[in-house]
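A short write-up of the structure that comes next.
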Amino acid sequence: MKEMNSSRRQFLRNAAVIAGGTIVAPTILSRCAKGANDRVLLAHIGVGSMGQGALKSWFMPLETVYSVATCDTFLDRRIGAAQYVNRTYKEKNIKAPECLPYLDFDEILQRKDIDAVNITTPDHWHVLAAIKAARAGKHVMLAKPLGLSYPDFKILEKELKANDVRFHYGTQQRAMSHMKLVVSMIKEGKIGEVDRVEVWAPGKNDVPSPQCNEVPVPGDFDYDRWTGPARLNPYCPDRVTNNSSWFQNDYSIGFLAGWGAHPLDIMIWAMKDKMDGEYTCEGTGTFWEPGGIYNNIYSWDLNYEYKSGIKLHFMSDDVVKSKDIWNYRKVKDTNTTTFFGSKGWISVGRGSAESNIPEIQQKFDEFPRESKSVYIKGDGYKMGQLYIDVVKGTVKETNPLDEAILSDCVSHMGDIAIRTGRKITWNPTVGEVVGDPEANKIFSRESRKPYIA
């Protein structure tokens, strides 16, 4: 498959979209004018394992969207994903526009026919790609976690508003029926007044930290572009795997945010009005052993106290297991948010929901199970349709940026408290750690040129 070139780009700007040699005419309207029967034209920026999973499971089954572009710094990924899309449409006899592969997502953003993007790059590219998409007037679905630099969060917020662009945070648990039920129960006061929350998530994958023995960059991989706004390090294949991008601080803050984004998001979703003010954070954590390229925190035990009075205990799953903190749960779900109220508690994970209130537990027991197991059957695959509904305007933003910022900052405050070794206070109104310039430097990263917002 040939990649997009300049003459073909110009053709697509000035003519109908080509699909298998046939002129097709899905109504190409402005993003604000699309109706219920018009398909959204979607581009996929980042088609590694996570991106391809979303492409294949969340979007390709939908009749409301055409996937028309793929982008990745790995040649085989972007071409393979585009070939998959075209082959699937052909097999289903769907006369869709041809899906084209790109190395440079700026070329995608120049296309007037594309309405929206799904961004599933490594973490360090998330916000910059979203800012560029918003400036180009494309609706944005952005994989979690949010990003690495608070000032960039505010730039994204500004660009979304200035360009009338809708945002959808890629925390698929918000599409799950049992999560929706739990959040509604918390908001309706079913467990009374909530005064504390316990949250835990996996801290690491069971992999060793590799050493990086520098080798030449392969010709089919653009390492400079992959690195983007981050510091340019010596290249080795182990540096650019999923594990490595998660566990190197140049590209992420580890699973503190990468996994923590999910259960923390559920907490913010349910209790945003009590968790959008100033709070303190303190605790301990464990880093990868020196010698390899992994240098993030992989185990943590953190305590937060909000001005509203809410207390949060945020932990990695190894801490929860070693201290048997999850003793009140039958299902030992490693991704969990537990709300403790004056009437009882509710504890929810990706595949489970439990309560010590009998009538609530009965509702949880009624959910479909995975092969008659104790795990609730998840429906996170509905995330794709939810995003398209947001783009079309048939529903309001369900995963908004302001809530993504709140939950992501919880992870960053944990990272900062552990790295500085002291109790910190975060003021979200001004976006600063109070009276701590050193801490604020950690949460304000300068981008490498030319990859700047």
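By order of appearance in the structure tokens: chains A, B, ..., then residues from 1 within every chain, and ligands from 1 in the order shown.
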Find the residues around region 345-350 of chain A up to 8 Å (only C-alpha atoms counted), leave out those fewer than 2 positions away in its own chain, and share them as a PyMOL selection string.
chain A and resi 173+179+182+191+263+329+333-341+343+352-357+378
Selection: 12 Å around Glu370 (chain A), only C-alpha atoms, excl. self and same-chain fewer than 5 positions, as a PDB file with N, CA and C atoms, in the first residue's frame:
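selection17.pdb, freshly written:
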ATOM      1  N   GLY A 351     -14.241  -5.452  36.514  1.00  0.00           N
ATOM      2  CA  GLY A 351     -15.048  -6.658  36.344  1.00  0.00           C
ATOM      3  C   GLY A 351     -15.853  -7.036  37.564  1.00  0.00           C
ATOM      4  N   SER A 352     -16.096  -6.081  38.466  1.00  0.00           N
ATOM      5  CA  SER A 352     -16.778  -6.441  39.709  1.00  0.00           C
ATOM      6  C   SER A 352     -17.421  -5.222  40.348  1.00  0.00           C
ATOM      7  N   TYR A 375     -16.988 -12.589  37.760  1.00  0.00           N
ATOM      8  CA  TYR A 375     -16.680 -11.299  37.147  1.00  0.00           C
ATOM      9  C   TYR A 375     -17.830 -10.812  36.271  1.00  0.00           C
ATOM     10  N   ILE A 376     -18.187  -9.557  36.457  1.00  0.00           N
ATOM     11  CA  ILE A 376     -19.234  -8.937  35.665  1.00  0.00           C
ATOM     12  C   ILE A 376     -18.762  -8.793  34.223  1.00  0.00           C
ATOM     13  N   LYS A 377     -19.665  -9.051  33.300  1.00  0.00           N
ATOM     14  CA  LYS A 377     -19.347  -8.923  31.886  1.00  0.00           C
ATOM     15  C   LYS A 377     -19.218  -7.450  31.526  1.00  0.00           C
ATOM     16  N   GLY A 378     -18.038  -7.076  31.083  1.00  0.00           N
ATOM     17  CA  GLY A 378     -17.786  -5.672  30.772  1.00  0.00           C
ATOM     18  C   GLY A 378     -18.306  -5.275  29.405  1.00  0.00           C
ATOM     19  N   ASP A 379     -18.603  -4.008  29.232  1.00  0.00           N
ATOM     20  CA  ASP A 379     -19.050  -3.501  27.936  1.00  0.00           C
ATOM     21  C   ASP A 379     -18.320  -2.208  27.591  1.00  0.00           C
TER      22      ASP A 379
END
If you run DSSP over the backbone, which residues in region 82-133 of chain A end up strand (DSSP E)? Put them as a PyMOL selection string.
chain A and resi 100-102+116-119
Keeping N, CA and C atoms, export the residues of the selection given above as a PDB file, in the first residue's frame.
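Heads up, here's the output in selection27.pdb:
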ATOM      1  N   LEU A 100      -6.145   5.663   4.381  1.00  0.00           N
ATOM      2  CA  LEU A 100      -4.770   5.924   3.953  1.00  0.00           C
ATOM      3  C   LEU A 100      -3.826   6.008   5.144  1.00  0.00           C
ATOM      4  N   PRO A 101      -2.595   5.485   4.999  1.00  0.00           N
ATOM      5  CA  PRO A 101      -1.615   5.549   6.090  1.00  0.00           C
ATOM      6  C   PRO A 101      -0.752   6.812   6.011  1.00  0.00           C
ATOM      7  N   TYR A 102      -0.382   7.340   7.165  1.00  0.00           N
ATOM      8  CA  TYR A 102       0.434   8.549   7.250  1.00  0.00           C
ATOM      9  C   TYR A 102       1.527   8.378   8.299  1.00  0.00           C
ATOM     10  N   ALA A 116     -12.879  13.882  13.047  1.00  0.00           N
ATOM     11  CA  ALA A 116     -12.468  13.554  14.406  1.00  0.00           C
ATOM     12  C   ALA A 116     -11.242  12.660  14.391  1.00  0.00           C
ATOM     13  N   VAL A 117     -10.550  12.632  15.529  1.00  0.00           N
ATOM     14  CA  VAL A 117      -9.369  11.778  15.660  1.00  0.00           C
ATOM     15  C   VAL A 117      -9.473  10.959  16.940  1.00  0.00           C
ATOM     16  N   ASN A 118      -8.845   9.790  16.904  1.00  0.00           N
ATOM     17  CA  ASN A 118      -8.661   8.980  18.102  1.00  0.00           C
ATOM     18  C   ASN A 118      -7.162   8.878  18.334  1.00  0.00           C
ATOM     19  N   ILE A 119      -6.680   9.460  19.423  1.00  0.00           N
ATOM     20  CA  ILE A 119      -5.247   9.553  19.699  1.00  0.00           C
ATOM     21  C   ILE A 119      -4.840   8.486  20.707  1.00  0.00           C
TER      22      ILE A 119
END
Those in region 47-285 of chain A with helix (DSSP H, G or I) from DSSP, as JSON, numbers by chain:
{"A": [49, 50, 51, 52, 53, 54, 55, 56, 57, 58, 59, 75, 76, 77, 78, 79, 80, 81, 82, 83, 84, 85, 86, 87, 88, 89, 90, 91, 105, 106, 107, 108, 109, 110, 123, 124, 125, 126, 127, 128, 129, 130, 131, 132, 133, 134, 135, 150, 151, 152, 153, 154, 155, 156, 157, 158, 159, 160, 161, 162, 172, 173, 174, 175, 177, 178, 179, 180, 181, 182, 183, 184, 185, 186, 187, 223, 224, 225, 226, 227, 237, 238, 239, 240, 242, 243, 244, 245, 246, 247, 255, 256, 257, 258, 261, 262, 263, 264, 265, 266, 267, 268, 269, 270, 271, 272, 273, 274]}
With distances taken over only C-alpha atoms, which of A:Thr73, A:Ser411, A:Thr280, A:Ser373 is nearest to Ile297 (chain A)?
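For Ile297 (chain A), the nearest of the candidates is A:Ser411.
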For each of A:Lys161, A:Lys144, A:Lys330, A:Lys204, take the minimum atom-to-atom distance to Ser407 (chain A), counting only C-alpha atoms, then give the residue where this is smallest.
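Of A:Lys161, A:Lys144, A:Lys330, A:Lys204, the one nearest Ser407 (chain A) is A:Lys144, counting only C-alpha atoms.
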Using only C-alpha atoms for the distances, tell me which of A:Glu366, A:Asp152, A:Asp415, A:Asp250 is nearest to Gly283 (chain A).
A:Asp415
Once you count only C-alpha atoms, what closest atom pair and distance in Å to one decimal does each residue of region 325-439 of chain A within 9 Å of region 61-67 of chain A have, with rows by chain and rising residue number, as JSON lines?
{"residue": "A:Gly384", "atom": "CA", "partner": "A:Leu62", "partner_atom": "CA", "distance": 8.1}
{"residue": "A:Gln385", "atom": "CA", "partner": "A:Leu62", "partner_atom": "CA", "distance": 7.1}
{"residue": "A:Ile388", "atom": "CA", "partner": "A:Thr64", "partner_atom": "CA", "distance": 7.4}
{"residue": "A:Asp389", "atom": "CA", "partner": "A:Thr64", "partner_atom": "CA", "distance": 8.9}
Between CA of Gly189 (chain A) and CA of Ala270 (chain A), distance in Å (one decimal):
10.6 Å
Can you tell me which residues surround Tyr306 (chain A) at a distance of at most 10 Å, considering only C-alpha atoms, apart from same-chain residues fewer than 2 positions away, and format the answer as a list in words?
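My list of contacting residues is Arg196, Lys274, Met275, Asp276, Gly277, Glu278, Tyr279, Thr280, Cys281, Tyr304, Ser308, Gly309, Ile310, Lys311, Leu312, Thr425 and Trp426 of chain A.
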Output of the above residues as a PDB file, in the first residue's frame, restricted to C-alpha atoms:
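Saved as result.pdb:
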ATOM      1  CA  ARG A 196     -13.327   8.544  52.335  1.00  0.00           C
ATOM      2  CA  LYS A 274     -16.147  17.538  46.508  1.00  0.00           C
ATOM      3  CA  MET A 275     -12.794  16.907  44.855  1.00  0.00           C
ATOM      4  CA  ASP A 276     -12.191  20.004  42.734  1.00  0.00           C
ATOM      5  CA  GLY A 277     -10.601  22.036  45.513  1.00  0.00           C
ATOM      6  CA  GLU A 278      -7.247  22.212  47.270  1.00  0.00           C
ATOM      7  CA  TYR A 279      -5.783  19.049  48.813  1.00  0.00           C
ATOM      8  CA  THR A 280      -2.650  17.667  50.420  1.00  0.00           C
ATOM      9  CA  CYS A 281      -0.709  14.552  49.439  1.00  0.00           C
ATOM     10  CA  TYR A 304      -4.676  12.711  50.276  1.00  0.00           C
ATOM     11  CA  SER A 308     -14.022  19.283  51.549  1.00  0.00           C
ATOM     12  CA  GLY A 309     -13.061  16.725  54.209  1.00  0.00           C
ATOM     13  CA  ILE A 310     -12.805  13.760  51.837  1.00  0.00           C
ATOM     14  CA  LYS A 311      -9.852  11.466  52.472  1.00  0.00           C
ATOM     15  CA  LEU A 312      -8.306   9.374  49.690  1.00  0.00           C
ATOM     16  CA  THR A 425      -0.451  20.925  48.770  1.00  0.00           C
ATOM     17  CA  TRP A 426      -2.033  21.239  45.318  1.00  0.00           C
TER      18      TRP A 426
END
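You can rank A:His178, A:Lys332, A:Lys190, A:Lys92 by their closest distance to Lys363 (chain A) using only C-alpha atoms, and at the top of that list sits A:His178.
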For region 47-50 of chain A, please output as a list in words all residues within 8 Å (counting only C-alpha atoms; exclusion window: fewer than 3 positions along the same chain).
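In the requested format, the answer is His44, Gly53, Ala54, Thr70, Cys71, Asp72, Arg77, Arg78, Ala81, Thr120 and Thr121 of chain A.
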Expressed in Å to a single decimal, how great is the separation between CA of Asp265 (chain A) and CA of Gly147 (chain A)?
14.4 Å
With only C-alpha atoms as the basis for distance, which of A:Trp125, A:Ile108, A:Thr88, A:Ile442 is at the shortest distance from Leu55 (chain A)?
A:Thr88
Have a look at A:Glu403, A:Glu397, A:Glu438, A:Asp104 and name the one nearest to Asp224 (chain A); count only C-alpha atoms.
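Result for the nearest residue to Asp224 (chain A): A:Asp104.
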